[in-house]
Structures are given as C-alpha cells and as structure tokens.
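Visitor: Got a structure for you, questions after.
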Amino acid sequence: MGPTGCGKSGLALGLAQDFPASGGRPVCVINADSRQVYRDFPLITAQPDASEQNVCPHHLYGFLPSESKMSAGNYAVMAAEVIARSHAQGFLPILVGGTGLYIKSLLEGIAPIPPVEAAISRRWQERADAEGAPALHRLLSEHDPLYAAKIHPNDRQRVTRALEVLEGTGKAFSWWHAQTAGSCPYDVLKIGVGLPLEELTPLLGARIDKMLARGALEEASVARELCGDAKAPGWSGIGCAELYQYLAGEISLDECRELWLNHTRAYAKRQLTWFKGQETLEWVRPDAGPLVKLVPGLEKYLVN
RNA sequence: GGUGGGGUUCCCGAGUGGCCAAAGGGAACAGACUGUAAAUCUGUCGUCUGACGACUUCGGUGGUUCAAAUCCACCCCCCACCA
C-alpha cells in the first residue's frame with residue numbers, strides 16, 4: 001500500500017515475475033484500489049494493462065460499470081473470497097492498492113451493518129439538501145451522541161450515513177461499530193511504498209501526460225457515452241471528473257490537466273496521512289531495488 | 001500621442017473613508033476517517049507572541065483627514081480601443 005502513482009503495481013509485478021521463475025510459490029495480485037474496479041476507466045485509474053496482467057493472475061480489476069457503486073464492506077467480502085480461492089489454488093495473494101479503508105475493512109473487519117433501503121438514504125439526502133448538514137447533526141446528537149461527537153457538523157456524508165443506518169436498522173451507528181470483529185484472520189506482511197510528496201509530484205504530472213498521450217480523452221468520451229451521468233460512482237475518480245468537465249466544455253484542456261494534477265497530489269497527501277496513522281508498515285522506496293531485498297521477512301512467504 | 005479599464009496578502013479575486021491583516025476560492029501545511037474513501041470533512045495560513053496584544057502591508061511618492069486599500073496630485077507598469 002502507499003500513495004497513488006508511486007510504483008506499487010510495478011513492485012508487485014516484480015515479485016510475480018522473479019519468484020515463481022526461481023522455483024518459489026506462484027503469486028497473484030488482488031486489487032485494493034477503489035477506482036481500479038471500474039471497467040470504463042482502465043487507463044485513467046492506472047489499472048495494470050493486458051501484458052502486465054499476463055504476468056500472473058490479477059483479480060478485482062476493471063469489472064464494474066460506472067453506474068454501479070462499490071463500498072468498503074462489499075470490497076471486503078469480495079476480496080476475502082478471492083483470497084480464499086487463491087490460497088486453495090496454491091497462490092500467494094498480494095494485495096496492491098492505496099485505498100486505506102478497503103484494506104482496513106478486509107484485514108480488520110467492518111461493522112456488519114445490513115444494507116439500508118435506497119428510499120431511506122434518498123430521504124436523508126433530501127433533508128440534508130433542504131436543512132443543511134449541521135441541522136441533521138443536531139438531530140443525530142439526540143439519538144447517537146457518541147458518534148455525533150466524533151464527527152463534524154459539516155460532514156454531510158457521515159452525518160447522513162449515521163442517520164440512515166439508525167433509521168434503517170433501529171440501532172445507533174456507534175452501536176454497530178462496537179460489533180466490528182477487529183482481529184485479522186490473515187498472516188499479513190504490510191509493505192508501504194512511498195516517496196516524499198516533493199519527489200512524487202513531478203511523477204504524478206508525468207503520469208497524467210502519459211495517460212493523455214495514451215488516449216485518456218478517448219477513454220473518457222467513450223465512458224461518457226456509456227454513462228453520461230457525471231454523478232455516477234465511476235465518474236468520481238480523479239482525472240475522470242476533470243475530463244468530464246473538459247468534455248462538457250466547462251474547462252479548457254490546460255485547466256483540466258492542472259486540476260487533475262492538483263487533485264491527485266492532494267489525494268496522495270491524504271493517503272500519506274492515512275497510512276502514517278496506521279500501525280507499522282515496512283516502508284520502502286519504489287526505486288530502491290527488488291522488494292525481496294528490501295523487506296526483511298518477505299522471502300519466507302515466497303518460498304514453498 | 002489620445003481615451004477608457006486596471007495594478008490588493010503565494011495565485012485568482014472581493015473590498016470605494018473607520019466595523020480591514022483585508023470576504024470568497026485555490027495552493028500550501030497539519031489533521032480526521034467503519035458501506036460514496038481517487039469520497040467527505042476539520043484546523044492553520046502577513047510578522048512577532050503561549051496568549052492578551054504589538055508591529056508591517058493593498059504599484060511608487062507626496063498630500064487631504066482625528067482616521068486611507070478606499071479621497072486628491074504626480075509618477076511607474078499592464079490591458080483595450082482610437083491614432
């Protein structure tokens with residue numbers, strides 16, 4: 001795991017290539033990125049391309065249409081299934097991605113909250129539109145003071161989520177949180193791949209230019225024909241959203257590129273903050289050499 | 001050369017006598033994070049100070065005023081149009 005664009009996939013691929021060849025355990029790659037699941041944006045979300053995916057089995061990439069929603073809970077279930085299957089087939093699964101919450105849900109569990117009826121969610125969204133998040137936060141304080149105290153009144157997304165869960169399940173969000181399993185069922189080695197932001201930023205810019213050169217615009221306009229709703233889940237990815245604005249004639253290509261880079265950088269920073277707060281990761285630089293050499297304890301997973 | 005518009009804090013940009021260290025946005029920095037997470041949200045953001053507060057800013061210089069980013073004069077730059 002690590003911030004976007006720092007070379008996680010490449011390192012994983014390196015493992016997949018080198019080890020089985022020298023008689024080690026076969027390796028497979030499992031996506032842990034909330035955007036790379038989307039079918040319509042393989043390039044813009046930097047999914048491994050066909051030749052890369054040929055190196056070893058890849059799972060959970062590019063299977064979801066733009067209008068479909070993904071979620072941490074969903075992901076945890078799907079990834080757990082893939083891991084079980086991979087183990088059964090003798091593969092060593094390598095999780096690659098930068099979506100901290102997804103990885104956390106998979107490894108540490110997530111509250112077993114049943115799905116909430118769409119109509120209920122919609123109603124809270126409408127109330128948030130009409131009354132504003134702080135008003136709903138006050139309401140939440142009356143029913144779930146514990147959780148309300150943890151979030152900011154302006155945090156509409158969390159306020160409405162807590163309220164819809166409360167209404168949909170009859171239990172407070174904080175009660176559900178207490179039901180989280182919490183222990184990790186896997187023997188995991190966590191590797192953080194990263195660079196300081198100052199070093200990462202120019203790489204992110206270069207990566208955007210490369211995406212544009214390889215047809216990001218075409219990808220976005222095809223995606224727009226398949227799903228023209230800018231609010232659809234698939235369109236919320238960085239790059240996707242900005243290209244949509246460009247295609248809609250709202251901004252110039254230069255502005256698009258600039259926004260795209262700014263947003264990507266800000267995102268990388270958020271990821272860094274998240275991973276900083278997580279328990280110990282083995283941090284490596286992507287350019288420091290093959291992973292096995294850098295991470296003590298990795299080798300034992302790779303041999304048979 | 002003439003006419004009109006303009007020069008504001010890192011950037012964009014509001015502000016036309018006191019309530020202005022100066023709205024708002026962006027960037028930056030720090031942070032939060034349990035089914036939207038490439039999302040959502042928070043704090044800081046002229047200098048010094050732990051804080052009260054003090055000090056220096058709105059192209060330049062000089063003036064008017066108890067008080068100027070805001071008014072006046074001259075000057076310097078930019079843009080548009082006319083020549």
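Letters A, B, ... go to the chains of the structure tokens in the order shown; residues in each chain start at 1; ligands are counted from 1 in the same order.
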For chain B, work out the contacting residues on chain A at 7 Å, counting only C-alpha atoms (C1' of nucleotides), and write them as a list of chain:residue names.
Guide: A:Arg35, A:Ser71, A:Ala72, A:Gly73, A:Asn74, A:Thr99, A:Leu101, A:Ile110, A:Ala111, A:His152, A:Asn154, A:Asp155, A:Gln157, A:His177, A:Gly237, A:Ile238, A:Tyr267
Visitor: For those residues, write N, CA and C atoms to a file as a tab-separated table (two decimals), in the first residue's frame.
Guide:
chain	number	residue	atom	x	y	z
A	35	ARG	N	-10.90	2.64	-7.18
A	35	ARG	CA	-11.21	3.16	-8.52
A	35	ARG	C	-10.87	2.16	-9.61
A	71	SER	N	-18.25	-0.40	-2.36
A	71	SER	CA	-18.17	0.04	-0.98
A	71	SER	C	-17.14	-0.78	-0.23
A	72	ALA	N	-16.73	-0.27	0.88
A	72	ALA	CA	-15.70	-0.95	1.67
A	72	ALA	C	-16.18	-2.33	2.12
A	73	GLY	N	-17.44	-2.39	2.53
A	73	GLY	CA	-17.97	-3.66	3.01
A	73	GLY	C	-18.02	-4.70	1.91
A	74	ASN	N	-18.50	-4.24	0.78
A	74	ASN	CA	-18.55	-5.03	-0.43
A	74	ASN	C	-17.20	-5.55	-0.83
A	99	THR	N	-6.27	2.27	-1.29
A	99	THR	CA	-7.50	2.65	-0.61
A	99	THR	C	-7.47	2.11	0.82
A	101	LEU	N	-9.13	2.50	3.54
A	101	LEU	CA	-10.32	1.98	4.21
A	101	LEU	C	-10.67	0.58	3.72
A	110	ILE	N	-15.17	-4.92	9.38
A	110	ILE	CA	-16.01	-3.74	9.33
A	110	ILE	C	-17.35	-4.12	9.94
A	111	ALA	N	-18.01	-3.17	10.55
A	111	ALA	CA	-19.27	-3.48	11.23
A	111	ALA	C	-20.25	-4.17	10.29
A	152	HIS	N	-17.73	16.06	12.52
A	152	HIS	CA	-18.01	17.50	12.44
A	152	HIS	C	-19.41	17.73	11.87
A	154	ASN	N	-20.45	19.72	9.81
A	154	ASN	CA	-20.47	19.97	8.37
A	154	ASN	C	-20.25	18.72	7.53
A	155	ASP	N	-19.93	17.64	8.20
A	155	ASP	CA	-19.56	16.45	7.44
A	155	ASP	C	-20.81	15.72	7.00
A	157	GLN	N	-21.63	13.81	4.58
A	157	GLN	CA	-21.58	12.40	4.18
A	157	GLN	C	-21.70	11.48	5.40
A	177	HIS	N	-20.60	-0.04	15.31
A	177	HIS	CA	-19.14	-0.03	15.30
A	177	HIS	C	-18.57	-0.96	16.36
A	237	GLY	N	-13.77	9.38	-9.84
A	237	GLY	CA	-12.31	9.24	-9.78
A	237	GLY	C	-11.61	10.50	-10.23
A	238	ILE	N	-10.45	10.74	-9.66
A	238	ILE	CA	-9.65	11.90	-10.06
A	238	ILE	C	-9.16	11.66	-11.49
A	267	TYR	N	-4.70	14.21	-3.05
A	267	TYR	CA	-5.12	12.84	-2.69
A	267	TYR	C	-3.93	12.05	-2.14
Visitor: Residues of segment 18-184 of chain A in helix (DSSP H, G or I) according to DSSP, as a ChimeraX atom specification?
Guide: /A:18-21,50-55,72-88,100-108,118-131,133-143,145-150,156-169,173-178
Visitor: Need to verify the contact set: G17 of chain B, 9 Å, only C-alpha atoms (C1' of nucleotides), exclusion of same-chain residues closer than 4 positions in sequence. Can you return it as a ChimeraX atom specification?
Guide: /B:65,67-68,70-71
Visitor: Based on the selection just made, write all heavy atoms of those residues as a short mmCIF file (atom, residue, chain, number, x, y, z; two decimals), in the first residue's frame.
Guide:
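Generated file (result.cif):
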data_model
loop_
_atom_site.label_atom_id
_atom_site.label_comp_id
_atom_site.auth_asym_id
_atom_site.auth_seq_id
_atom_site.Cartn_x
_atom_site.Cartn_y
_atom_site.Cartn_z
P U B 65 -6.16 68.52 6.46
OP1 U B 65 -6.79 69.77 6.93
OP2 U B 65 -4.75 68.24 6.74
"O5'" U B 65 -7.02 67.30 6.99
"C5'" U B 65 -8.44 67.28 6.86
"C4'" U B 65 -8.97 65.94 7.28
"O4'" U B 65 -8.44 64.92 6.40
"C3'" U B 65 -8.53 65.48 8.66
"O3'" U B 65 -9.28 66.09 9.68
"C2'" U B 65 -8.79 63.98 8.56
"O2'" U B 65 -10.16 63.70 8.69
"C1'" U B 65 -8.35 63.70 7.11
N1 U B 65 -6.95 63.20 7.07
C2 U B 65 -6.75 61.83 7.10
O2 U B 65 -7.67 61.03 7.14
N3 U B 65 -5.45 61.43 7.10
C4 U B 65 -4.34 62.24 7.06
O4 U B 65 -3.22 61.73 7.06
C5 U B 65 -4.62 63.64 7.03
C6 U B 65 -5.89 64.07 7.04
P A B 67 -5.30 62.06 10.89
OP1 A B 67 -3.86 61.74 10.91
OP2 A B 67 -5.84 63.05 9.93
"O5'" A B 67 -6.11 60.70 10.74
"C5'" A B 67 -5.65 59.52 11.41
"C4'" A B 67 -6.55 58.38 11.11
"O4'" A B 67 -7.92 58.74 11.48
"C3'" A B 67 -6.67 58.00 9.63
"O3'" A B 67 -5.61 57.14 9.26
"C2'" A B 67 -8.02 57.29 9.59
"O2'" A B 67 -7.92 55.96 10.03
"C1'" A B 67 -8.83 58.09 10.61
N9 A B 67 -9.67 59.11 9.98
C8 A B 67 -9.45 60.46 9.89
N7 A B 67 -10.40 61.12 9.28
C5 A B 67 -11.31 60.14 8.93
C6 A B 67 -12.54 60.19 8.26
N6 A B 67 -13.08 61.31 7.80
N1 A B 67 -13.20 59.03 8.06
C2 A B 67 -12.65 57.90 8.52
N3 A B 67 -11.50 57.72 9.17
C4 A B 67 -10.87 58.89 9.35
P A B 68 -5.05 57.22 7.77
OP1 A B 68 -3.92 56.27 7.71
OP2 A B 68 -4.85 58.62 7.40
"O5'" A B 68 -6.26 56.65 6.91
"C5'" A B 68 -6.71 55.31 7.07
"C4'" A B 68 -6.91 54.70 5.69
"O4'" A B 68 -7.67 55.64 4.90
"C3'" A B 68 -5.59 54.46 4.98
"O3'" A B 68 -5.65 53.20 4.34
"C2'" A B 68 -5.48 55.60 3.98
"O2'" A B 68 -4.98 55.12 2.76
"C1'" A B 68 -6.93 55.99 3.74
N9 A B 68 -7.19 57.42 3.46
C8 A B 68 -6.40 58.51 3.69
N7 A B 68 -6.94 59.65 3.30
C5 A B 68 -8.17 59.27 2.79
C6 A B 68 -9.21 60.00 2.22
N6 A B 68 -9.21 61.32 2.06
N1 A B 68 -10.30 59.32 1.81
C2 A B 68 -10.33 58.00 1.96
N3 A B 68 -9.40 57.19 2.49
C4 A B 68 -8.33 57.90 2.88
P U B 70 -5.91 54.19 -0.69
OP1 U B 70 -4.99 55.06 -1.38
OP2 U B 70 -6.68 54.71 0.50
"O5'" U B 70 -6.97 53.66 -1.71
"C5'" U B 70 -7.96 54.51 -2.27
"C4'" U B 70 -9.33 53.93 -2.01
"O4'" U B 70 -9.30 53.10 -0.84
"C3'" U B 70 -10.39 55.00 -1.77
"O3'" U B 70 -11.28 55.02 -2.86
"C2'" U B 70 -11.08 54.60 -0.47
"O2'" U B 70 -12.47 54.57 -0.60
"C1'" U B 70 -10.55 53.16 -0.22
N1 U B 70 -10.43 52.85 1.20
C2 U B 70 -11.53 52.33 1.85
O2 U B 70 -12.61 52.17 1.29
N3 U B 70 -11.34 52.05 3.17
C4 U B 70 -10.18 52.20 3.90
O4 U B 70 -10.16 51.88 5.07
C5 U B 70 -9.08 52.74 3.15
C6 U B 70 -9.24 53.04 1.85
P C B 71 -10.95 56.00 -4.08
OP1 C B 71 -12.11 55.88 -4.99
OP2 C B 71 -9.59 55.77 -4.59
"O5'" C B 71 -10.97 57.44 -3.39
"C5'" C B 71 -12.16 58.20 -3.32
"C4'" C B 71 -11.80 59.63 -2.97
"O4'" C B 71 -11.30 59.66 -1.60
"C3'" C B 71 -10.66 60.21 -3.79
"O3'" C B 71 -11.12 60.72 -5.02
"C2'" C B 71 -10.15 61.30 -2.86
"O2'" C B 71 -10.96 62.44 -2.90
"C1'" C B 71 -10.27 60.63 -1.49
N1 C B 71 -9.04 59.96 -1.04
C2 C B 71 -7.93 60.75 -0.69
O2 C B 71 -8.00 61.98 -0.79
N3 C B 71 -6.80 60.14 -0.27
C4 C B 71 -6.74 58.82 -0.17
N4 C B 71 -5.61 58.27 0.27
C5 C B 71 -7.86 57.99 -0.52
C6 C B 71 -8.97 58.60 -0.95
#
Visitor: Name the closest residue to Cys6 of chain A among the candidates A:Gly289, A:Gly192, A:Arg122, A:His137; distances are taken between atoms, counting only C-alpha atoms.
Guide: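 Closest to Cys6 of chain A of all the choices is A:Gly192.
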Visitor: Of the candidates A:Ser252, A:Gln36, A:Ser221, A:Ser66, which one gets nearest to Asp49 of chain A if we count only C-alpha atoms?
Guide: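 Checking each of A:Ser252, A:Gln36, A:Ser221, A:Ser66 against Asp49 of chain A, counting only C-alpha atoms, the winner is A:Gln36.
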Visitor: If we count only C-alpha atoms (C1' of nucleotides) and set the cut-off at 12 Å, which residues sit around Leu253 of chain A, ignoring sequence neighbours fewer than 6 positions away in its own chain? Please answer as a list in words.
Guide: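 Residues near the query, excluding close chain neighbours: Asp209, Leu212, Ala216, Leu217, Gly239, Glu242, Leu243, Tyr244, Gln245, Tyr246, Leu247, Leu259 and Trp260 of chain A.
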Visitor: I want to know what sits within 9 Å of A69 of chain B, based on only C-alpha atoms (C1' of nucleotides), with residues of the same chain fewer than 5 positions away left out; could you give that as a PyMOL selection string?
Guide: chain B and resi 8+15+20+22+58
Visitor: Could you give me the residues within segment 183-293 of chain A that DSSP places in strand (DSSP E), as a list in words?
Guide: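 These are the residues in question: Ile191, Gly192, Val193, Glu282, Trp283 and Val284 of chain A.
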Visitor: Of the residues A:Pro93, A:Gly10, A:Gly170, A:Gly24, which is the one nearest to Asp187 of chain A, using only C-alpha atoms?
Guide: A:Pro93
